[in-house]
Amino acid sequence: MTQVTARLYKQGDKVWRDFKAELITRYENAAILDISESEAFSKIEKQEFNNTMSISRLRKSQYG
């Protein structure tokens with residue numbers, strides 16, 4: 001898989017910035033990421049997200 005850097009992700013009052021994750025699927029302006037190996041998320045957060053998350057508003061430089 002390809003490693004990408006997500007610049008910003010917001011969920012409720014939590015914000016994660018500049019975290020690395022593995023790209024699962026890429027769409028035109030969105031992607032599904034595997035966060036299971038990411039150090040930015042706690043074990044509980046990974047479980048809540050089911051080790052994946054969808055990101056929108058991607059720029060080409062963010063996913064190669």
# chains A, B, ... in the order shown; residues from 1 in each chain; ligands from 1
>>> residues_around(residues="stretch 17-27 of chain A", least_positions_apart="4", cutoff="10 Å", atoms="only C-alpha atoms", output="list in words")
Met1, Thr2, Gln3, Val4, Thr5, Ala6, Arg7, Leu8, Tyr9, Lys10, Ala31, Ile32, Leu33, Asp34, Ile35, Ser36, Glu37, Ser38, Glu39, Ala40, Phe41, Thr52, Met53, Ser54, Ile55, Ser56, Leu58 and Tyr63 of chain A
>>> write_last_selection(atoms="N, CA, C and O atoms", output="mmCIF file, in the first residue's frame")
data_model
loop_
_atom_site.group_PDB
_atom_site.id
_atom_site.type_symbol
_atom_site.label_atom_id
_atom_site.label_comp_id
_atom_site.auth_asym_id
_atom_site.auth_seq_id
_atom_site.Cartn_x
_atom_site.Cartn_y
_atom_site.Cartn_z
ATOM 1 N N MET A 1 0.840 -1.192 0.000
ATOM 2 C CA MET A 1 0.000 0.000 0.000
ATOM 3 C C MET A 1 0.876 1.243 0.000
ATOM 4 O O MET A 1 2.030 1.194 0.397
ATOM 5 N N THR A 2 0.278 2.331 -0.361
ATOM 6 C CA THR A 2 0.972 3.611 -0.422
ATOM 7 C C THR A 2 0.726 4.399 0.852
ATOM 8 O O THR A 2 -0.411 4.524 1.305
ATOM 9 N N GLN A 3 1.777 4.955 1.422
ATOM 10 C CA GLN A 3 1.624 5.770 2.618
ATOM 11 C C GLN A 3 1.350 7.209 2.200
ATOM 12 O O GLN A 3 1.989 7.736 1.294
ATOM 13 N N VAL A 4 0.371 7.836 2.858
ATOM 14 C CA VAL A 4 0.007 9.222 2.578
ATOM 15 C C VAL A 4 0.013 10.005 3.881
ATOM 16 O O VAL A 4 -0.006 9.432 4.973
ATOM 17 N N THR A 5 0.028 11.312 3.770
ATOM 18 C CA THR A 5 -0.062 12.192 4.935
ATOM 19 C C THR A 5 -1.350 12.985 4.836
ATOM 20 O O THR A 5 -1.577 13.688 3.849
ATOM 21 N N ALA A 6 -2.198 12.847 5.833
ATOM 22 C CA ALA A 6 -3.432 13.631 5.901
ATOM 23 C C ALA A 6 -3.124 14.897 6.687
ATOM 24 O O ALA A 6 -2.564 14.845 7.772
ATOM 25 N N ARG A 7 -3.437 16.017 6.124
ATOM 26 C CA ARG A 7 -3.115 17.300 6.756
ATOM 27 C C ARG A 7 -4.044 17.659 7.903
ATOM 28 O O ARG A 7 -3.608 18.245 8.888
ATOM 29 N N LEU A 8 -5.332 17.317 7.776
ATOM 30 C CA LEU A 8 -6.292 17.722 8.796
ATOM 31 C C LEU A 8 -7.485 16.778 8.769
ATOM 32 O O LEU A 8 -7.987 16.432 7.698
ATOM 33 N N TYR A 9 -7.915 16.347 9.935
ATOM 34 C CA TYR A 9 -9.131 15.548 10.063
ATOM 35 C C TYR A 9 -9.849 15.998 11.319
ATOM 36 O O TYR A 9 -9.249 16.068 12.393
ATOM 37 N N LYS A 10 -11.143 16.332 11.187
ATOM 38 C CA LYS A 10 -11.943 16.769 12.330
ATOM 39 C C LYS A 10 -13.093 15.808 12.538
ATOM 40 O O LYS A 10 -13.724 15.366 11.581
ATOM 41 N N ALA A 31 -10.501 9.700 -0.367
ATOM 42 C CA ALA A 31 -9.741 8.460 -0.206
ATOM 43 C C ALA A 31 -10.192 7.754 1.065
ATOM 44 O O ALA A 31 -10.710 8.379 1.984
ATOM 45 N N ILE A 32 -9.980 6.455 1.094
ATOM 46 C CA ILE A 32 -10.194 5.661 2.302
ATOM 47 C C ILE A 32 -8.819 5.258 2.799
ATOM 48 O O ILE A 32 -7.997 4.742 2.044
ATOM 49 N N LEU A 33 -8.560 5.542 4.074
ATOM 50 C CA LEU A 33 -7.251 5.302 4.663
ATOM 51 C C LEU A 33 -7.301 4.226 5.734
ATOM 52 O O LEU A 33 -8.279 4.114 6.471
ATOM 53 N N ASP A 34 -6.219 3.476 5.836
ATOM 54 C CA ASP A 34 -6.030 2.493 6.901
ATOM 55 C C ASP A 34 -5.202 3.173 7.988
ATOM 56 O O ASP A 34 -4.050 3.533 7.764
ATOM 57 N N ILE A 35 -5.790 3.361 9.167
ATOM 58 C CA ILE A 35 -5.088 4.053 10.256
ATOM 59 C C ILE A 35 -4.580 3.078 11.320
ATOM 60 O O ILE A 35 -4.125 3.506 12.383
ATOM 61 N N SER A 36 -4.633 1.781 11.044
ATOM 62 C CA SER A 36 -4.279 0.780 12.056
ATOM 63 C C SER A 36 -2.833 0.905 12.537
ATOM 64 O O SER A 36 -2.537 0.581 13.675
ATOM 65 N N GLU A 37 -1.926 1.385 11.694
ATOM 66 C CA GLU A 37 -0.521 1.533 12.080
ATOM 67 C C GLU A 37 -0.144 2.983 12.415
ATOM 68 O O GLU A 37 0.994 3.267 12.754
ATOM 69 N N SER A 38 -1.087 3.897 12.311
ATOM 70 C CA SER A 38 -0.812 5.312 12.561
ATOM 71 C C SER A 38 -0.594 5.571 14.049
ATOM 72 O O SER A 38 -1.358 5.093 14.894
ATOM 73 N N GLU A 39 0.421 6.324 14.365
ATOM 74 C CA GLU A 39 0.724 6.657 15.760
ATOM 75 C C GLU A 39 -0.115 7.831 16.272
ATOM 76 O O GLU A 39 -0.128 8.112 17.463
ATOM 77 N N ALA A 40 -0.826 8.501 15.382
ATOM 78 C CA ALA A 40 -1.603 9.681 15.764
ATOM 79 C C ALA A 40 -2.881 9.331 16.521
ATOM 80 O O ALA A 40 -3.444 10.171 17.212
ATOM 81 N N PHE A 41 -3.331 8.082 16.409
ATOM 82 C CA PHE A 41 -4.593 7.669 17.010
ATOM 83 C C PHE A 41 -4.355 6.669 18.128
ATOM 84 O O PHE A 41 -3.509 5.790 18.011
ATOM 85 N N THR A 52 -10.240 2.379 9.830
ATOM 86 C CA THR A 52 -10.294 3.054 8.528
ATOM 87 C C THR A 52 -11.010 4.384 8.663
ATOM 88 O O THR A 52 -11.789 4.594 9.594
ATOM 89 N N MET A 53 -10.745 5.282 7.751
ATOM 90 C CA MET A 53 -11.470 6.543 7.698
ATOM 91 C C MET A 53 -11.493 7.043 6.274
ATOM 92 O O MET A 53 -10.617 6.728 5.480
ATOM 93 N N SER A 54 -12.532 7.793 5.954
ATOM 94 C CA SER A 54 -12.595 8.402 4.636
ATOM 95 C C SER A 54 -12.225 9.878 4.766
ATOM 96 O O SER A 54 -12.632 10.549 5.710
ATOM 97 N N ILE A 55 -11.425 10.317 3.842
ATOM 98 C CA ILE A 55 -10.941 11.694 3.810
ATOM 99 C C ILE A 55 -11.430 12.327 2.518
ATOM 100 O O ILE A 55 -11.341 11.715 1.453
ATOM 101 N N SER A 56 -11.915 13.556 2.593
ATOM 102 C CA SER A 56 -12.346 14.246 1.382
ATOM 103 C C SER A 56 -11.490 15.480 1.160
ATOM 104 O O SER A 56 -10.666 15.845 1.998
ATOM 105 N N LEU A 58 -9.107 16.003 -1.160
ATOM 106 C CA LEU A 58 -7.690 15.702 -1.371
ATOM 107 C C LEU A 58 -7.110 16.556 -2.478
ATOM 108 O O LEU A 58 -7.797 16.933 -3.410
ATOM 109 N N TYR A 63 -1.613 12.651 -2.283
ATOM 110 C CA TYR A 63 -1.663 11.204 -2.500
ATOM 111 C C TYR A 63 -0.883 10.748 -3.717
ATOM 112 O O TYR A 63 -1.023 9.644 -4.184
#
>>> select_by_dssp(residues="chain A", states="helix (DSSP H, G or I)", output="ChimeraX atom specification")
/A:43-48,60-63
>>> select_by_dssp(residues="chain A", states="strand (DSSP E or B)", output="PyMOL selection string")
chain A and resi 2-11+14-26+30-34+52-56
>>> write_last_selection(atoms="N, CA, C and O atoms", output="CSV table (one decimal), in the first residue's frame")
chain,number,residue,atom,x,y,z
A,2,THR,N,0.3,2.3,-0.4
A,2,THR,CA,1.0,3.6,-0.4
A,2,THR,C,0.7,4.4,0.9
A,2,THR,O,-0.4,4.5,1.3
A,3,GLN,N,1.8,5.0,1.4
A,3,GLN,CA,1.6,5.8,2.6
A,3,GLN,C,1.3,7.2,2.2
A,3,GLN,O,2.0,7.7,1.3
A,4,VAL,N,0.4,7.8,2.9
A,4,VAL,CA,0.0,9.2,2.6
A,4,VAL,C,0.0,10.0,3.9
A,4,VAL,O,0.0,9.4,5.0
A,5,THR,N,0.0,11.3,3.8
A,5,THR,CA,-0.1,12.2,4.9
A,5,THR,C,-1.3,13.0,4.8
A,5,THR,O,-1.6,13.7,3.8
A,6,ALA,N,-2.2,12.8,5.8
A,6,ALA,CA,-3.4,13.6,5.9
A,6,ALA,C,-3.1,14.9,6.7
A,6,ALA,O,-2.6,14.8,7.8
A,7,ARG,N,-3.4,16.0,6.1
A,7,ARG,CA,-3.1,17.3,6.8
A,7,ARG,C,-4.0,17.7,7.9
A,7,ARG,O,-3.6,18.2,8.9
A,8,LEU,N,-5.3,17.3,7.8
A,8,LEU,CA,-6.3,17.7,8.8
A,8,LEU,C,-7.5,16.8,8.8
A,8,LEU,O,-8.0,16.4,7.7
A,9,TYR,N,-7.9,16.3,9.9
A,9,TYR,CA,-9.1,15.5,10.1
A,9,TYR,C,-9.8,16.0,11.3
A,9,TYR,O,-9.2,16.1,12.4
A,10,LYS,N,-11.1,16.3,11.2
A,10,LYS,CA,-11.9,16.8,12.3
A,10,LYS,C,-13.1,15.8,12.5
A,10,LYS,O,-13.7,15.4,11.6
A,11,GLN,N,-13.3,15.5,13.8
A,11,GLN,CA,-14.5,14.7,14.2
A,11,GLN,C,-15.0,15.3,15.5
A,11,GLN,O,-14.3,15.1,16.5
A,14,LYS,N,-12.6,16.9,18.3
A,14,LYS,CA,-11.2,16.4,18.1
A,14,LYS,C,-10.7,16.8,16.7
A,14,LYS,O,-11.4,16.8,15.8
A,15,VAL,N,-9.4,17.1,16.7
A,15,VAL,CA,-8.7,17.4,15.5
A,15,VAL,C,-7.4,16.7,15.4
A,15,VAL,O,-6.6,16.7,16.4
A,16,TRP,N,-7.1,16.1,14.3
A,16,TRP,CA,-5.8,15.4,14.1
A,16,TRP,C,-5.2,16.1,12.9
A,16,TRP,O,-5.8,16.4,11.9
A,17,ARG,N,-3.9,16.4,13.0
A,17,ARG,CA,-3.1,17.1,12.0
A,17,ARG,C,-1.9,16.3,11.5
A,17,ARG,O,-1.2,15.7,12.4
A,18,ASP,N,-1.6,16.3,10.3
A,18,ASP,CA,-0.4,15.8,9.7
A,18,ASP,C,-0.1,14.4,10.2
A,18,ASP,O,1.0,14.1,10.7
A,19,PHE,N,-1.0,13.5,10.0
A,19,PHE,CA,-0.8,12.1,10.4
A,19,PHE,C,-0.6,11.2,9.1
A,19,PHE,O,-1.1,11.5,8.1
A,20,LYS,N,0.2,10.2,9.3
A,20,LYS,CA,0.4,9.2,8.2
A,20,LYS,C,-0.5,8.0,8.3
A,20,LYS,O,-0.8,7.6,9.4
A,21,ALA,N,-0.9,7.6,7.1
A,21,ALA,CA,-1.8,6.4,7.0
A,21,ALA,C,-1.5,5.7,5.7
A,21,ALA,O,-0.9,6.3,4.8
A,22,GLU,N,-2.1,4.5,5.6
A,22,GLU,CA,-1.9,3.7,4.3
A,22,GLU,C,-3.2,4.0,3.5
A,22,GLU,O,-4.3,3.9,4.0
A,23,LEU,N,-2.9,4.2,2.2
A,23,LEU,CA,-4.0,4.4,1.3
A,23,LEU,C,-4.7,3.1,0.9
A,23,LEU,O,-4.0,2.2,0.4
A,24,ILE,N,-6.0,3.0,1.1
A,24,ILE,CA,-6.7,1.8,0.7
A,24,ILE,C,-7.3,1.9,-0.7
A,24,ILE,O,-7.1,1.2,-1.6
A,25,THR,N,-8.1,3.0,-0.8
A,25,THR,CA,-8.8,3.3,-2.1
A,25,THR,C,-8.8,4.8,-2.3
A,25,THR,O,-9.0,5.6,-1.4
A,26,ARG,N,-8.5,5.2,-3.6
A,26,ARG,CA,-8.5,6.6,-3.9
A,26,ARG,C,-9.6,6.9,-4.9
A,26,ARG,O,-9.8,6.1,-5.8
A,30,ALA,N,-11.4,12.1,-2.9
A,30,ALA,CA,-11.5,11.5,-1.6
A,30,ALA,C,-10.7,10.2,-1.6
A,30,ALA,O,-10.2,9.8,-2.6
A,31,ALA,N,-10.5,9.7,-0.4
A,31,ALA,CA,-9.7,8.5,-0.2
A,31,ALA,C,-10.2,7.8,1.1
A,31,ALA,O,-10.7,8.4,2.0
A,32,ILE,N,-10.0,6.5,1.1
A,32,ILE,CA,-10.2,5.7,2.3
A,32,ILE,C,-8.8,5.3,2.8
A,32,ILE,O,-8.0,4.7,2.0
A,33,LEU,N,-8.6,5.5,4.1
A,33,LEU,CA,-7.3,5.3,4.7
A,33,LEU,C,-7.3,4.2,5.7
A,33,LEU,O,-8.3,4.1,6.5
A,34,ASP,N,-6.2,3.5,5.8
A,34,ASP,CA,-6.0,2.5,6.9
A,34,ASP,C,-5.2,3.2,8.0
A,34,ASP,O,-4.1,3.5,7.8
A,52,THR,N,-10.2,2.4,9.8
A,52,THR,CA,-10.3,3.1,8.5
A,52,THR,C,-11.0,4.4,8.7
A,52,THR,O,-11.8,4.6,9.6
A,53,MET,N,-10.7,5.3,7.8
A,53,MET,CA,-11.5,6.5,7.7
A,53,MET,C,-11.5,7.0,6.3
A,53,MET,O,-10.6,6.7,5.5
A,54,SER,N,-12.5,7.8,6.0
A,54,SER,CA,-12.6,8.4,4.6
A,54,SER,C,-12.2,9.9,4.8
A,54,SER,O,-12.6,10.5,5.7
A,55,ILE,N,-11.4,10.3,3.8
A,55,ILE,CA,-10.9,11.7,3.8
A,55,ILE,C,-11.4,12.3,2.5
A,55,ILE,O,-11.3,11.7,1.5
A,56,SER,N,-11.9,13.6,2.6
A,56,SER,CA,-12.3,14.2,1.4
A,56,SER,C,-11.5,15.5,1.2
A,56,SER,O,-10.7,15.8,2.0
